[in-house]
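Have a look at the structure below before the remarks.
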Amino acid sequence: MEHTLEVFAGEALIFCSDGKWLYPLFELEDFLATEQYEPATLTVKDKITGKAAALLVIRLGIRDVRSG
């Protein structure tokens with residue numbers, strides 16, 4: 001994993017961020033608001049997923065999260 005947060009649609013990397021704390025998830029939220037991806041079909045790879053991050057991912061409608 002090269003970035004703090006990576007989002008995949010199938011095998012394709014569609015979003016990445018190197019931000020700290022929860023900022024990558026806020027950036028992802030803005031990205032999803034402008035794109036036509038169905039959140040439930042995406043896979044999020046996060047270096048560290050704490051409770052707050054997990055709640056944000058659920059709020060975004062993403063079901064597949066990989067951490068660590």
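Residues in the structure tokens are numbered from 1 in each chain, the chains being A, B, ... in the order shown, and ligands are numbered from 1 in the order shown.
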
Using backbone DSSP assignments, extract all alpha helix (DSSP H) residues from segment 20-68 of chain A; output them as a PDB file with all heavy atoms, in the first residue's frame.
```pdb
ATOM      1  N   TYR A  23      -8.680  13.142   7.636  1.00  0.00           N
ATOM      2  CA  TYR A  23      -8.797  13.988   6.442  1.00  0.00           C
ATOM      3  C   TYR A  23      -8.933  13.196   5.145  1.00  0.00           C
ATOM      4  O   TYR A  23      -9.705  13.605   4.267  1.00  0.00           O
ATOM      5  CB  TYR A  23      -7.655  14.994   6.372  1.00  0.00           C
ATOM      6  CG  TYR A  23      -7.745  16.020   7.472  1.00  0.00           C
ATOM      7  CD1 TYR A  23      -6.832  16.021   8.520  1.00  0.00           C
ATOM      8  CD2 TYR A  23      -8.762  16.967   7.485  1.00  0.00           C
ATOM      9  CE1 TYR A  23      -6.928  16.945   9.550  1.00  0.00           C
ATOM     10  CE2 TYR A  23      -8.876  17.896   8.509  1.00  0.00           C
ATOM     11  CZ  TYR A  23      -7.947  17.883   9.541  1.00  0.00           C
ATOM     12  OH  TYR A  23      -8.054  18.790  10.553  1.00  0.00           O
ATOM     13  N   PRO A  24      -8.251  12.071   4.958  1.00  0.00           N
ATOM     14  CA  PRO A  24      -8.458  11.312   3.718  1.00  0.00           C
ATOM     15  C   PRO A  24      -9.909  10.867   3.532  1.00  0.00           C
ATOM     16  O   PRO A  24     -10.419  10.843   2.409  1.00  0.00           O
ATOM     17  CB  PRO A  24      -7.534  10.103   3.877  1.00  0.00           C
ATOM     18  CG  PRO A  24      -6.453  10.594   4.779  1.00  0.00           C
ATOM     19  CD  PRO A  24      -7.144  11.503   5.743  1.00  0.00           C
ATOM     20  N   LEU A  25     -10.597  10.537   4.618  1.00  0.00           N
ATOM     21  CA  LEU A  25     -12.002  10.138   4.501  1.00  0.00           C
ATOM     22  C   LEU A  25     -12.889  11.323   4.159  1.00  0.00           C
ATOM     23  O   LEU A  25     -13.871  11.176   3.423  1.00  0.00           O
ATOM     24  CB  LEU A  25     -12.463   9.449   5.780  1.00  0.00           C
ATOM     25  CG  LEU A  25     -11.838   8.081   6.021  1.00  0.00           C
ATOM     26  CD1 LEU A  25     -12.190   7.556   7.409  1.00  0.00           C
ATOM     27  CD2 LEU A  25     -12.274   7.096   4.952  1.00  0.00           C
ATOM     28  N   PHE A  26     -12.565  12.498   4.669  1.00  0.00           N
ATOM     29  CA  PHE A  26     -13.323  13.699   4.291  1.00  0.00           C
ATOM     30  C   PHE A  26     -13.104  14.008   2.811  1.00  0.00           C
ATOM     31  O   PHE A  26     -14.037  14.391   2.103  1.00  0.00           O
ATOM     32  CB  PHE A  26     -12.920  14.901   5.150  1.00  0.00           C
ATOM     33  CG  PHE A  26     -13.212  14.719   6.621  1.00  0.00           C
ATOM     34  CD1 PHE A  26     -12.322  15.197   7.567  1.00  0.00           C
ATOM     35  CD2 PHE A  26     -14.356  14.085   7.068  1.00  0.00           C
ATOM     36  CE1 PHE A  26     -12.574  15.056   8.927  1.00  0.00           C
ATOM     37  CE2 PHE A  26     -14.625  13.930   8.420  1.00  0.00           C
ATOM     38  CZ  PHE A  26     -13.730  14.422   9.354  1.00  0.00           C
ATOM     39  N   GLU A  27     -11.878  13.817   2.341  1.00  0.00           N
ATOM     40  CA  GLU A  27     -11.583  14.012   0.920  1.00  0.00           C
ATOM     41  C   GLU A  27     -12.344  12.987   0.078  1.00  0.00           C
ATOM     42  O   GLU A  27     -12.863  13.315  -0.989  1.00  0.00           O
ATOM     43  CB  GLU A  27     -10.083  13.871   0.664  1.00  0.00           C
ATOM     44  CG  GLU A  27      -9.238  14.954   1.287  1.00  0.00           C
ATOM     45  CD  GLU A  27      -7.742  14.651   1.223  1.00  0.00           C
ATOM     46  OE1 GLU A  27      -7.343  13.678   0.536  1.00  0.00           O
ATOM     47  OE2 GLU A  27      -6.980  15.375   1.868  1.00  0.00           O
ATOM     48  N   LEU A  28     -12.414  11.748   0.555  1.00  0.00           N
ATOM     49  CA  LEU A  28     -13.152  10.711  -0.152  1.00  0.00           C
ATOM     50  C   LEU A  28     -14.634  11.071  -0.239  1.00  0.00           C
ATOM     51  O   LEU A  28     -15.261  10.876  -1.278  1.00  0.00           O
ATOM     52  CB  LEU A  28     -12.973   9.360   0.545  1.00  0.00           C
ATOM     53  CG  LEU A  28     -13.790   8.198  -0.007  1.00  0.00           C
ATOM     54  CD1 LEU A  28     -13.473   7.946  -1.480  1.00  0.00           C
ATOM     55  CD2 LEU A  28     -13.562   6.951   0.833  1.00  0.00           C
ATOM     56  N   GLU A  29     -15.184  11.593   0.829  1.00  0.00           N
ATOM     57  CA  GLU A  29     -16.588  12.001   0.824  1.00  0.00           C
ATOM     58  C   GLU A  29     -16.836  13.054  -0.260  1.00  0.00           C
ATOM     59  O   GLU A  29     -17.810  12.968  -1.009  1.00  0.00           O
ATOM     60  CB  GLU A  29     -16.983  12.541   2.192  1.00  0.00           C
ATOM     61  CG  GLU A  29     -18.439  12.909   2.305  1.00  0.00           C
ATOM     62  CD  GLU A  29     -18.816  13.326   3.702  1.00  0.00           C
ATOM     63  OE1 GLU A  29     -17.958  13.867   4.432  1.00  0.00           O
ATOM     64  OE2 GLU A  29     -19.990  13.123   4.067  1.00  0.00           O
ATOM     65  N   ASP A  30     -15.951  14.033  -0.372  1.00  0.00           N
ATOM     66  CA  ASP A  30     -16.073  15.059  -1.416  1.00  0.00           C
ATOM     67  C   ASP A  30     -15.952  14.440  -2.803  1.00  0.00           C
ATOM     68  O   ASP A  30     -16.696  14.799  -3.720  1.00  0.00           O
ATOM     69  CB  ASP A  30     -15.009  16.143  -1.242  1.00  0.00           C
ATOM     70  CG  ASP A  30     -15.229  16.987   0.000  1.00  0.00           C
ATOM     71  OD1 ASP A  30     -16.361  17.002   0.540  1.00  0.00           O
ATOM     72  OD2 ASP A  30     -14.247  17.624   0.453  1.00  0.00           O
ATOM     73  N   PHE A  31     -15.020  13.508  -2.962  1.00  0.00           N
ATOM     74  CA  PHE A  31     -14.820  12.828  -4.239  1.00  0.00           C
ATOM     75  C   PHE A  31     -16.079  12.068  -4.651  1.00  0.00           C
ATOM     76  O   PHE A  31     -16.533  12.163  -5.797  1.00  0.00           O
ATOM     77  CB  PHE A  31     -13.620  11.878  -4.132  1.00  0.00           C
ATOM     78  CG  PHE A  31     -13.440  10.975  -5.314  1.00  0.00           C
ATOM     79  CD1 PHE A  31     -12.861  11.457  -6.476  1.00  0.00           C
ATOM     80  CD2 PHE A  31     -13.845   9.646  -5.260  1.00  0.00           C
ATOM     81  CE1 PHE A  31     -12.687  10.612  -7.581  1.00  0.00           C
ATOM     82  CE2 PHE A  31     -13.670   8.806  -6.346  1.00  0.00           C
ATOM     83  CZ  PHE A  31     -13.093   9.294  -7.514  1.00  0.00           C
ATOM     84  N   LEU A  32     -16.649  11.305  -3.723  1.00  0.00           N
ATOM     85  CA  LEU A  32     -17.836  10.504  -4.038  1.00  0.00           C
ATOM     86  C   LEU A  32     -19.045  11.370  -4.367  1.00  0.00           C
ATOM     87  O   LEU A  32     -19.925  10.943  -5.117  1.00  0.00           O
ATOM     88  CB  LEU A  32     -18.157   9.553  -2.885  1.00  0.00           C
ATOM     89  CG  LEU A  32     -17.161   8.417  -2.673  1.00  0.00           C
ATOM     90  CD1 LEU A  32     -17.523   7.609  -1.432  1.00  0.00           C
ATOM     91  CD2 LEU A  32     -17.078   7.529  -3.901  1.00  0.00           C
ATOM     92  N   ALA A  33     -19.082  12.580  -3.833  1.00  0.00           N
ATOM     93  CA  ALA A  33     -20.194  13.489  -4.126  1.00  0.00           C
ATOM     94  C   ALA A  33     -20.162  13.972  -5.578  1.00  0.00           C
ATOM     95  O   ALA A  33     -21.191  14.380  -6.118  1.00  0.00           O
ATOM     96  CB  ALA A  33     -20.155  14.679  -3.177  1.00  0.00           C
ATOM     97  N   THR A  34     -18.996  13.906  -6.218  1.00  0.00           N
ATOM     98  CA  THR A  34     -18.865  14.401  -7.588  1.00  0.00           C
ATOM     99  C   THR A  34     -18.756  13.285  -8.620  1.00  0.00           C
ATOM    100  O   THR A  34     -18.742  13.563  -9.815  1.00  0.00           O
ATOM    101  CB  THR A  34     -17.626  15.306  -7.726  1.00  0.00           C
ATOM    102  OG1 THR A  34     -16.452  14.541  -7.454  1.00  0.00           O
ATOM    103  CG2 THR A  34     -17.697  16.489  -6.773  1.00  0.00           C
ATOM    104  N   LYS A  51     -12.078   3.652  15.370  1.00  0.00           N
ATOM    105  CA  LYS A  51     -13.543   3.672  15.503  1.00  0.00           C
ATOM    106  C   LYS A  51     -14.174   4.811  14.721  1.00  0.00           C
ATOM    107  O   LYS A  51     -15.184   4.630  14.053  1.00  0.00           O
ATOM    108  CB  LYS A  51     -13.932   3.753  16.980  1.00  0.00           C
ATOM    109  CG  LYS A  51     -13.617   2.496  17.748  1.00  0.00           C
ATOM    110  CD  LYS A  51     -13.996   2.642  19.205  1.00  0.00           C
ATOM    111  CE  LYS A  51     -13.579   1.416  19.984  1.00  0.00           C
ATOM    112  NZ  LYS A  51     -13.889   1.561  21.404  1.00  0.00           N
ATOM    113  N   ALA A  52     -13.590   5.999  14.802  1.00  0.00           N
ATOM    114  CA  ALA A  52     -14.152   7.150  14.086  1.00  0.00           C
ATOM    115  C   ALA A  52     -14.086   6.931  12.578  1.00  0.00           C
ATOM    116  O   ALA A  52     -15.045   7.216  11.855  1.00  0.00           O
ATOM    117  CB  ALA A  52     -13.417   8.431  14.464  1.00  0.00           C
ATOM    118  N   ALA A  53     -12.975   6.404  12.093  1.00  0.00           N
ATOM    119  CA  ALA A  53     -12.829   6.135  10.664  1.00  0.00           C
ATOM    120  C   ALA A  53     -13.835   5.078  10.215  1.00  0.00           C
ATOM    121  O   ALA A  53     -14.448   5.203   9.151  1.00  0.00           O
ATOM    122  CB  ALA A  53     -11.408   5.694  10.352  1.00  0.00           C
ATOM    123  N   ALA A  54     -14.022   4.047  11.019  1.00  0.00           N
ATOM    124  CA  ALA A  54     -14.980   3.001  10.672  1.00  0.00           C
ATOM    125  C   ALA A  54     -16.391   3.563  10.569  1.00  0.00           C
ATOM    126  O   ALA A  54     -17.137   3.224   9.644  1.00  0.00           O
ATOM    127  CB  ALA A  54     -14.927   1.887  11.711  1.00  0.00           C
ATOM    128  N   LEU A  55     -16.752   4.438  11.466  1.00  0.00           N
ATOM    129  CA  LEU A  55     -18.085   5.060  11.411  1.00  0.00           C
ATOM    130  C   LEU A  55     -18.244   5.917  10.162  1.00  0.00           C
ATOM    131  O   LEU A  55     -19.308   5.915   9.532  1.00  0.00           O
ATOM    132  CB  LEU A  55     -18.333   5.894  12.667  1.00  0.00           C
ATOM    133  CG  LEU A  55     -18.577   5.095  13.935  1.00  0.00           C
ATOM    134  CD1 LEU A  55     -18.649   6.017  15.149  1.00  0.00           C
ATOM    135  CD2 LEU A  55     -19.844   4.270  13.823  1.00  0.00           C
ATOM    136  N   LEU A  56     -17.203   6.651   9.793  1.00  0.00           N
ATOM    137  CA  LEU A  56     -17.280   7.469   8.579  1.00  0.00           C
ATOM    138  C   LEU A  56     -17.423   6.600   7.331  1.00  0.00           C
ATOM    139  O   LEU A  56     -18.187   6.927   6.424  1.00  0.00           O
ATOM    140  CB  LEU A  56     -16.045   8.362   8.453  1.00  0.00           C
ATOM    141  CG  LEU A  56     -16.014   9.579   9.357  1.00  0.00           C
ATOM    142  CD1 LEU A  56     -14.667  10.286   9.242  1.00  0.00           C
ATOM    143  CD2 LEU A  56     -17.133  10.543   8.987  1.00  0.00           C
ATOM    144  N   VAL A  57     -16.697   5.502   7.278  1.00  0.00           N
ATOM    145  CA  VAL A  57     -16.777   4.605   6.125  1.00  0.00           C
ATOM    146  C   VAL A  57     -18.187   4.026   6.025  1.00  0.00           C
ATOM    147  O   VAL A  57     -18.770   3.963   4.943  1.00  0.00           O
ATOM    148  CB  VAL A  57     -15.711   3.494   6.222  1.00  0.00           C
ATOM    149  CG1 VAL A  57     -15.946   2.418   5.183  1.00  0.00           C
ATOM    150  CG2 VAL A  57     -14.324   4.087   6.054  1.00  0.00           C
ATOM    151  N   ILE A  58     -18.759   3.623   7.136  1.00  0.00           N
ATOM    152  CA  ILE A  58     -20.128   3.100   7.140  1.00  0.00           C
ATOM    153  C   ILE A  58     -21.099   4.180   6.687  1.00  0.00           C
ATOM    154  O   ILE A  58     -21.999   3.932   5.890  1.00  0.00           O
ATOM    155  CB  ILE A  58     -20.501   2.568   8.540  1.00  0.00           C
ATOM    156  CG1 ILE A  58     -19.722   1.299   8.829  1.00  0.00           C
ATOM    157  CG2 ILE A  58     -22.001   2.305   8.657  1.00  0.00           C
ATOM    158  CD1 ILE A  58     -19.805   0.838  10.263  1.00  0.00           C
ATOM    159  N   ARG A  59     -20.912   5.380   7.157  1.00  0.00           N
ATOM    160  CA  ARG A  59     -21.764   6.516   6.779  1.00  0.00           C
ATOM    161  C   ARG A  59     -21.705   6.773   5.275  1.00  0.00           C
ATOM    162  O   ARG A  59     -22.698   7.157   4.666  1.00  0.00           O
ATOM    163  CB  ARG A  59     -21.342   7.764   7.551  1.00  0.00           C
ATOM    164  CG  ARG A  59     -22.181   8.970   7.259  1.00  0.00           C
ATOM    165  CD  ARG A  59     -21.783  10.122   8.176  1.00  0.00           C
ATOM    166  NE  ARG A  59     -22.280  11.344   7.634  1.00  0.00           N
ATOM    167  CZ  ARG A  59     -21.562  12.250   6.993  1.00  0.00           C
ATOM    168  NH1 ARG A  59     -20.260  12.075   6.851  1.00  0.00           N
ATOM    169  NH2 ARG A  59     -22.093  13.339   6.510  1.00  0.00           N
ATOM    170  N   LEU A  60     -20.544   6.535   4.671  1.00  0.00           N
ATOM    171  CA  LEU A  60     -20.392   6.718   3.233  1.00  0.00           C
ATOM    172  C   LEU A  60     -21.045   5.584   2.440  1.00  0.00           C
ATOM    173  O   LEU A  60     -21.211   5.700   1.231  1.00  0.00           O
ATOM    174  CB  LEU A  60     -18.902   6.804   2.865  1.00  0.00           C
ATOM    175  CG  LEU A  60     -18.164   8.046   3.347  1.00  0.00           C
ATOM    176  CD1 LEU A  60     -16.675   7.922   3.046  1.00  0.00           C
ATOM    177  CD2 LEU A  60     -18.738   9.294   2.703  1.00  0.00           C
TER     178      LEU A  60
END
```

_Please determine, counting only C-alpha atoms, which residue among A:Gly19, A:Gly10, A:Gly61, A:Gly68 has the shortest atom-to-atom distance to Ile48 of chain A._
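That would be A:Gly68, the residue with the smallest distance to Ile48 of chain A.
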
*Could you name the residues that touch Ala9 of chain A at 12 Å or less, counting only C-alpha atoms, but leaving out those on the same chain fewer than 6 positions away, as a list in words?*
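Final neighbour list, sorted by chain and number: Phe15, Gln36, Tyr37, Glu38, Pro39, Ala40, Thr41, Leu42, Thr43, Val44, Lys45, Ile62 and Asp64 of chain A.
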